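Inspection log for the structure reproduced underneath, given as C-alpha cells.
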Amino acid sequence: MSAAPGNDAPVAPVDPTSTRAWGRLQELADRFSPDLRGWFEADPGRVERLTHEAADLRVDLSKSLVDADVLEALLALAEEVGVTRRRDAMLTGEHVNATEDRAVLHTALRLPADARLEVDGQDVVHDVHEVLERVYTFARSVRDGSWTGVTGQQIRTVVNIGIGGSDLGPVMAYEALAAYRQEGLECRFISNIDPTDAATTLAGLDPATTLFIVSSKTFGTLETLTNARLCKAWLLAGLADADAEEAVAQHFVAVSTALDKVADFGIDPDNAFGFWDWVGGRYSLDSAIGTSLVVAVGPERFAELLAGFHAMDEHFRTTEPAANVPLLMGLLNVWYANFLGAESHAVLPYSQLLHRFPAYLQQLTMESNGKGVRWDGSPVTTDTGEIFWGEPGTNGQHAFYQLIHQGTRVVPADFIAFADPAYDLKDGDTDVHELFLANFFAQTRALAFGKTAEEVRAEGTDEAVVPARVFTGNRPTASIMAPALTPSVLGQLVALYEHVTFTQGVVWGIDSFDQWGVELGKKLAQEVGPAIAGDEEALAAQDASTRALIAYYREHRSR
Ligand code: F6P
C-alpha cells in the first residue's frame, strides 16, 4: 500500500442532510413504530440476518431498532457520504486529519512486520517495528530483572505518568488483562494534576525498585510534566546517596513524539521511545504509549493484542458494508442520534476487568466526534457526538438501569460478554460466571421485549401499580460476545469502537482526529494562575464570576 502522491487534499465533506438517503431516513423516522416483539415473531430469520462475525467477535444486532427499510437507507447514506472511500484514504495515509494536515495511521501501528505502507516518502511499517523491538527489549529487561535501579535492585513497580490518551489506554488495558500480568511486577498510573494523585500513587513505594515512564505525545502537557517533576523529586529524595544523573537514567524512561523535549527534561534519549504525529493521542495505546502494558503482560501478549487490532482493521477494510460490523454499528448510532433522539449511548461490559473500558471510550468517541464544524470549516447541520458512558454489569443494574428500562429517553446500549471467565469460581455447585451471564442475557431480553400490562396483571398485581410495573420494551441494544477476554479480543474490541467512531465522523463530515476544543481551557488556566497567586492585574482581567470564585478560594485556603 502507498499513499497516492498529490492525493492528499481532503475531499469536501458531504452535508449528510442534503443526501437522498437522509430524506428517506427522515420519512422512515416520521412513521417509525418499533415493534421488536412483532418483528421477532414475524421474522424467524432476523437474528441470523442481523448477527455478524468480526474476527473473534460475534455481534448480534437483532435487538436494534431497525427494520429492512431503515437498514437499506442507512447503507445508502454511507454510500452517499463516501464512508468506504474515506476509510481507504485513511488506511493509505492520506491527510484525512484536515485541520492539522496529517495522516491518521493508528492502523499502521498494528500492521505485520512484512506489510508495506509508504507515507509521505517514509516506510512507516519499518519505523513502527523498529520502535516496537526497542520497547520489547526494554520490557524484557525489566521483566527478567536485568534492568535494575541505581542501587542494583530489581524493578518491582512501573509508574506510568500521562494523561488522556497517554493514560486511559494503558490503564484500561492493564486492568482488562489482569490475568496476564507478571507476578511481582506492578503498574501504577498517575494522570491528574490534583497532587492527591501523585501522593497516593507513590505512597508505600520504594524508590529503589520503582521505574517511571513519562508518556506524552507532545511532552508539553502541564499535568504530565508537573507530575514527572514531582516524581523525580520524590525519587531523588528517596535515593539521596545515589548520583542524581544516574538515578534518573535508571529510573526514568519516556515515550513521546518530541524527543528533543525529552532530552531537555533530563531523560537519556537512549531511554526514550518515539512515535509519530500521525498517531492521535486517543489512538495511541498500541504505539510505544503502551510500554507500561508491554512490561506488565510481556511482548508476546502485546503482539497478540496488536494482531487483534489488525484483525478488526482487516474486517473493516475488506468486508462489504452490509456485513461490516463497525460500519453497521456506526450507522445505527447515527440513526439513534439523529432520527430517534438518542443523546447518549451506554457501553455495559459484563466483565469486571473492563471496568475502565467506558472511560477509555469516552475519550475515543467524545474527543473524536464532539465537533460543531465539518472538516472544511462549514457548520454541521445535524447533531454530532453522543455522550458515551457506562459501568460494568451487574453493578449498573443496581444503579442506573432503571432509567434505561423505564425512563423517557432512548438510550442505546452495547452489552459485552465473554463465554469464558478470567477467574472461574463456584458458589457451592453454582458456576458464578453462569449466574453473571444470566444477567447479561436477561437484560437485553427485558429491554427489547418488555412486559405488557396484561402480563403484569396476570401476576396478580394490584391495578394501582400496574402502570409502574409495565416495561414498554423496544429499547435498543447490541450484544457483543467473544470466547474470552484475551489480548487479541481486547485489541479487536478497541479497534471496533475506533472504526465505529470513524464511521459516524464521516457521516457527519467532521474531522474525528483533531481536538481543538481542549485548547481554550488550557490557555485560560495559564492566565488565571497568576490571579490565584495574588497578581491583582491578572485578577482584574477575569470576569466577575471568576473573580468571586478566586476570592472565595483565597478566603478559605488554610495555609
Ligand atoms: O488535551 C487533550 C489531549 O491533547 C489528548 O488528546 C491527549 O491524549 C492528551 O491531551 C495528552 O496529551 P499528551 O500525550 O501530548 O501529553
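In the C-alpha cells, chains take letters A, B, ... by order of appearance, with residues numbered from 1 within each chain and ligands from 1 in the order shown.
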All residues having an atom within 8 Å of ligand 1 (only C-alpha atoms and all ligand atoms) as a short mmCIF file (atom, residue, chain, number, x, y, z; two decimals) with C-alpha atoms, in the first residue's frame:
```
data_model
loop_
_atom_site.label_atom_id
_atom_site.label_comp_id
_atom_site.auth_asym_id
_atom_site.auth_seq_id
_atom_site.Cartn_x
_atom_site.Cartn_y
_atom_site.Cartn_z
CA GLY A 162 0.49 10.54 31.40
CA ILE A 163 -2.99 11.88 30.84
CA GLY A 164 -5.79 11.43 28.29
CA GLY A 165 -4.68 9.06 25.58
CA SER A 166 -1.31 8.68 27.29
CA ASP A 167 -3.06 7.20 30.33
CA SER A 215 4.22 9.23 28.46
CA SER A 216 3.28 12.31 26.49
CA LYS A 217 2.84 12.67 22.76
CA THR A 218 3.72 16.37 22.87
CA PHE A 219 5.87 16.34 26.01
CA GLY A 220 4.29 19.71 26.69
CA THR A 221 1.27 18.72 28.78
CA LEU A 222 1.20 20.64 32.05
CA GLU A 223 -0.24 17.77 34.11
CA THR A 224 2.27 15.22 32.90
CA SER A 256 6.92 10.86 23.04
CA GLY A 280 -3.65 10.59 17.66
CA GLY A 281 -3.40 10.57 21.46
CA ARG A 282 -6.64 8.62 21.90
CA GLU A 367 -12.91 13.84 21.84
CA ASP A 514 -8.32 16.89 15.95
CA GLN A 515 -9.24 18.20 19.43
CA VAL A 518 -9.46 21.28 24.70
CA GLU A 519 -7.22 24.27 23.96
CA LYS A 522 -5.69 25.08 28.91
#
```
Excluding stretch 381-392 of chain A and residues on its chain fewer than 6 positions from it, collect all residues at most 9 Å away from it, counting only C-alpha atoms, and give them as a PyMOL selection string.
chain A and resi 15-17+333-334+337-338+342-359+361-363+365-373+413+501+504-505+508+510
Selection to disk with N, CA and C atoms, as a compact mmCIF listing (two decimals), in the first residue's frame:
```txt
# COMPACT_ATOMS: atom_id res chain seq x y z
N ASP A 15 -22.68 17.24 2.96
CA ASP A 15 -23.67 17.56 4.01
C ASP A 15 -24.66 16.39 4.04
N PRO A 16 -24.65 15.59 5.12
CA PRO A 16 -25.49 14.38 5.09
C PRO A 16 -26.97 14.70 4.92
N THR A 17 -27.36 15.89 5.42
CA THR A 17 -28.80 16.20 5.36
C THR A 17 -29.24 16.52 3.93
N ASN A 333 -25.79 4.04 15.20
CA ASN A 333 -25.65 5.15 16.15
C ASN A 333 -26.15 6.46 15.54
N VAL A 334 -25.89 6.64 14.25
CA VAL A 334 -26.39 7.83 13.56
C VAL A 334 -27.93 7.81 13.55
N ALA A 337 -29.07 8.65 17.05
CA ALA A 337 -28.76 10.02 17.50
C ALA A 337 -29.50 11.07 16.67
N ASN A 338 -29.58 10.86 15.36
CA ASN A 338 -30.12 11.92 14.51
C ASN A 338 -31.59 11.75 14.16
N ALA A 342 -31.71 9.94 20.41
CA ALA A 342 -30.80 9.48 21.48
C ALA A 342 -29.71 10.53 21.72
N GLU A 343 -29.49 10.84 22.97
CA GLU A 343 -28.43 11.82 23.29
C GLU A 343 -27.22 11.14 23.89
N SER A 344 -27.43 9.92 24.36
CA SER A 344 -26.29 9.21 24.95
C SER A 344 -26.28 7.76 24.51
N HIS A 345 -25.19 7.10 24.78
CA HIS A 345 -25.01 5.71 24.37
C HIS A 345 -24.28 4.98 25.50
N ALA A 346 -24.89 3.95 26.02
CA ALA A 346 -24.27 3.22 27.14
C ALA A 346 -23.44 2.04 26.63
N VAL A 347 -22.30 1.83 27.27
CA VAL A 347 -21.49 0.65 26.97
C VAL A 347 -21.36 -0.12 28.28
N LEU A 348 -21.87 -1.35 28.27
CA LEU A 348 -22.05 -2.09 29.52
C LEU A 348 -21.35 -3.44 29.45
N PRO A 349 -20.06 -3.46 29.83
CA PRO A 349 -19.34 -4.73 29.77
C PRO A 349 -19.71 -5.65 30.93
N TYR A 350 -20.08 -6.87 30.60
CA TYR A 350 -20.28 -7.87 31.67
C TYR A 350 -18.93 -8.54 31.90
N SER A 351 -18.04 -7.76 32.44
CA SER A 351 -16.68 -8.19 32.73
C SER A 351 -16.10 -7.13 33.65
N GLN A 352 -15.83 -7.52 34.88
CA GLN A 352 -15.26 -6.56 35.84
C GLN A 352 -13.93 -6.02 35.32
N LEU A 353 -13.23 -6.89 34.56
CA LEU A 353 -11.92 -6.49 34.05
C LEU A 353 -12.00 -5.32 33.06
N LEU A 354 -13.18 -5.10 32.51
CA LEU A 354 -13.34 -3.98 31.58
C LEU A 354 -13.90 -2.74 32.28
N HIS A 355 -13.61 -2.60 33.58
CA HIS A 355 -14.25 -1.50 34.30
C HIS A 355 -13.77 -0.13 33.87
N ARG A 356 -12.61 -0.04 33.21
CA ARG A 356 -12.17 1.26 32.70
C ARG A 356 -12.48 1.44 31.20
N PHE A 357 -13.11 0.43 30.62
CA PHE A 357 -13.39 0.50 29.17
C PHE A 357 -14.32 1.66 28.82
N PRO A 358 -15.42 1.88 29.56
CA PRO A 358 -16.27 3.03 29.23
C PRO A 358 -15.51 4.36 29.33
N ALA A 359 -14.67 4.51 30.33
CA ALA A 359 -13.90 5.76 30.47
C ALA A 359 -12.97 5.92 29.26
N LEU A 361 -13.47 4.69 26.31
CA LEU A 361 -14.29 5.00 25.14
C LEU A 361 -14.79 6.44 25.15
N GLN A 362 -14.91 7.01 26.34
CA GLN A 362 -15.36 8.40 26.39
C GLN A 362 -14.39 9.31 25.67
N GLN A 363 -13.09 9.11 25.90
CA GLN A 363 -12.15 9.96 25.17
C GLN A 363 -12.19 9.63 23.68
N THR A 365 -14.52 8.40 21.75
CA THR A 365 -15.70 8.81 20.99
C THR A 365 -15.97 10.32 21.11
N MET A 366 -15.85 10.85 22.33
CA MET A 366 -16.29 12.23 22.53
C MET A 366 -15.23 13.26 22.13
N GLU A 367 -13.94 12.92 22.32
CA GLU A 367 -12.91 13.84 21.84
C GLU A 367 -12.85 13.78 20.30
N SER A 368 -13.26 12.64 19.76
CA SER A 368 -13.23 12.49 18.30
C SER A 368 -14.43 13.17 17.64
N ASN A 369 -15.62 12.96 18.19
CA ASN A 369 -16.82 13.37 17.45
C ASN A 369 -17.62 14.48 18.12
N GLY A 370 -17.07 15.10 19.14
CA GLY A 370 -17.75 16.25 19.75
C GLY A 370 -17.38 17.53 19.02
N LYS A 371 -17.88 17.69 17.82
CA LYS A 371 -17.47 18.81 16.96
C LYS A 371 -18.70 19.50 16.36
N GLY A 372 -18.58 20.80 16.11
CA GLY A 372 -19.70 21.55 15.55
C GLY A 372 -19.45 22.08 14.15
N VAL A 373 -18.22 21.84 13.63
CA VAL A 373 -17.96 22.23 12.24
C VAL A 373 -17.39 21.02 11.50
N ALA A 413 -27.75 0.79 23.98
CA ALA A 413 -26.72 0.23 24.87
C ALA A 413 -26.02 -0.95 24.21
N THR A 501 -16.48 4.93 15.60
CA THR A 501 -16.31 6.37 15.77
C THR A 501 -15.99 7.04 14.43
N GLN A 504 -19.11 7.23 12.12
CA GLN A 504 -20.01 8.33 12.50
C GLN A 504 -19.43 9.68 12.08
N GLY A 505 -18.13 9.84 12.31
CA GLY A 505 -17.47 11.10 11.95
C GLY A 505 -17.59 11.40 10.46
N TRP A 508 -21.06 12.55 9.54
CA TRP A 508 -21.28 13.94 9.96
C TRP A 508 -20.36 14.92 9.25
N ILE A 510 -17.18 15.41 9.89
CA ILE A 510 -16.28 16.12 10.81
C ILE A 510 -14.88 15.48 10.83
```
Find, counting only C-alpha atoms, the residue in A:Asp101, A:Asp35, A:Glu536, A:Glu53 that gets nearest to A:Asn474.
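So, comparing all the options, the nearest one is A:Asp35.
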If you run DSSP on the backbone here, which positions in stretch 283-420 of chain A get helix (DSSP H, G or I)? Please write them as a PyMOL selection string.
chain A and resi 283+288-297+299-318+321-323+325-339+352-354+357-369+395-398+401-406
Separation of atom CA of A:Pro412 and atom CA of A:Thr477, in Å?
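The value is 5.6 Å.
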Leaving out A:Asp56 and any residue of its chain fewer than 5 positions from it, which residues lie within 9 Å of it when counting only C-alpha atoms, given as an mmCIF file with C-alpha atoms, in the first residue's frame?
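Printed below is result_19.cif as written:
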```cif
data_model
loop_
_atom_site.group_PDB
_atom_site.id
_atom_site.type_symbol
_atom_site.label_atom_id
_atom_site.label_comp_id
_atom_site.auth_asym_id
_atom_site.auth_seq_id
_atom_site.Cartn_x
_atom_site.Cartn_y
_atom_site.Cartn_z
ATOM 1 C CA GLY A 308 -6.328 -8.483 17.391
ATOM 2 C CA ALA A 311 -7.814 -8.492 12.521
ATOM 3 C CA MET A 312 -10.564 -5.912 13.149
ATOM 4 C CA MET A 481 -19.730 -11.725 22.609
ATOM 5 C CA ALA A 482 -16.337 -13.385 22.301
ATOM 6 C CA PRO A 483 -14.886 -16.656 23.571
ATOM 7 C CA SER A 488 -6.328 -10.344 20.904
ATOM 8 C CA VAL A 489 -10.011 -9.911 21.733
ATOM 9 C CA GLN A 492 -10.468 -6.313 18.410
#
```
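Distances here use only C-alpha atoms; by that measure, the residue among A:Glu320, A:Asp241, A:Asp127, A:Glu186 closest to A:Phe275 is A:Asp127.
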With distances taken over only C-alpha atoms, which residue among A:Tyr180, A:Val279, A:Phe418, A:Gly238 lies nearest A:Arg58?
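That would be A:Phe418, the residue with the smallest distance to A:Arg58.
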So which bits of stretch 479-557 of chain A end up strand (DSSP E or B) when you DSSP the backbone, as a list in words?
Ser479, Ile480, Met481 and Ala482 of chain A
Do you know which residues are at most 12 Å from A:Leu239 counting only C-alpha atoms, after dropping those on the same chain fewer than 5 positions away, and could you put them as a CSV table (one decimal) with C-alpha atoms, in the first residue's frame?
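Result file follows (result_27.csv):
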```csv
chain,number,residue,atom,x,y,z
A,149,GLY,CA,17.5,0.5,39.7
A,150,VAL,CA,20.5,2.7,40.6
A,151,THR,CA,21.1,0.6,43.8
A,206,ASP,CA,10.3,2.1,47.4
A,207,PRO,CA,12.2,4.5,45.1
A,208,ALA,CA,15.0,1.9,44.7
A,209,THR,CA,12.6,-0.5,42.9
A,210,THR,CA,10.4,2.0,41.1
A,232,LYS,CA,11.7,13.0,40.0
A,233,ALA,CA,11.9,15.0,43.3
A,234,TRP,CA,10.4,12.0,45.2
A,244,ALA,CA,21.2,12.1,40.6
A,245,GLU,CA,22.0,11.8,36.9
A,246,GLU,CA,22.5,8.0,37.2
A,247,ALA,CA,19.3,7.7,39.3
A,248,VAL,CA,17.3,9.5,36.6
A,250,GLN,CA,18.0,4.1,35.7
A,251,HIS,CA,14.5,5.1,36.9
```
Separation of atom CA of A:Tyr283 from atom CA of A:Leu364, in Å and rounded to one decimal
7.4 Å
I'd like a table as a tab-separated table: residues in stretch 151-224 of chain A with an atom no more than 9 Å from stretch 142-145 of chain A, each row giving the shortest atom pair and its distance in Å to one decimal, only C-alpha atoms counted, sorted by chain and rising residue number.
```
residue	atom	partner	partner_atom	distance
A:Gln153	CA	A:Gly145	CA	8.3
A:Gln154	CA	A:Gly145	CA	5.2
A:Ile155	CA	A:Val142	CA	6.5
A:Arg156	CA	A:Val142	CA	8.7
A:Gln182	CA	A:Arg143	CA	7.7
A:Leu185	CA	A:Arg143	CA	7.6
```
Keeping only N, CA and C atoms, write the selected residues to a file as a PDB file, in the first residue's frame.
```pdb
ATOM      1  N   GLN A 153      18.958  -2.945  42.591  1.00  0.00           N
ATOM      2  CA  GLN A 153      17.778  -3.787  42.881  1.00  0.00           C
ATOM      3  C   GLN A 153      16.855  -3.896  41.666  1.00  0.00           C
ATOM      4  N   GLN A 154      16.146  -5.022  41.637  1.00  0.00           N
ATOM      5  CA  GLN A 154      15.219  -5.269  40.545  1.00  0.00           C
ATOM      6  C   GLN A 154      14.011  -4.313  40.636  1.00  0.00           C
ATOM      7  N   ILE A 155      13.447  -3.964  39.489  1.00  0.00           N
ATOM      8  CA  ILE A 155      12.257  -3.093  39.460  1.00  0.00           C
ATOM      9  C   ILE A 155      11.012  -3.904  39.849  1.00  0.00           C
ATOM     10  N   ARG A 156      10.255  -3.361  40.777  1.00  0.00           N
ATOM     11  CA  ARG A 156       9.028  -4.033  41.235  1.00  0.00           C
ATOM     12  C   ARG A 156       7.767  -3.272  40.815  1.00  0.00           C
ATOM     13  N   GLN A 182       2.600 -10.175  34.915  1.00  0.00           N
ATOM     14  CA  GLN A 182       3.676 -10.920  35.585  1.00  0.00           C
ATOM     15  C   GLN A 182       3.594 -10.668  37.085  1.00  0.00           C
ATOM     16  N   LEU A 185       5.366  -7.789  39.656  1.00  0.00           N
ATOM     17  CA  LEU A 185       5.681  -6.568  38.908  1.00  0.00           C
ATOM     18  C   LEU A 185       4.370  -5.805  38.738  1.00  0.00           C
TER      19      LEU A 185
END
```
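Coordinates place atom CA of A:Ser62 at a distance of 9.6 Å from atom CA of A:Trp39.
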Which one of A:Ala272, A:Leu74, A:Leu306, A:Leu28 sits closest to A:Val294 if you count only C-alpha atoms?
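Of all the options, A:Leu306 lies closest to A:Val294.
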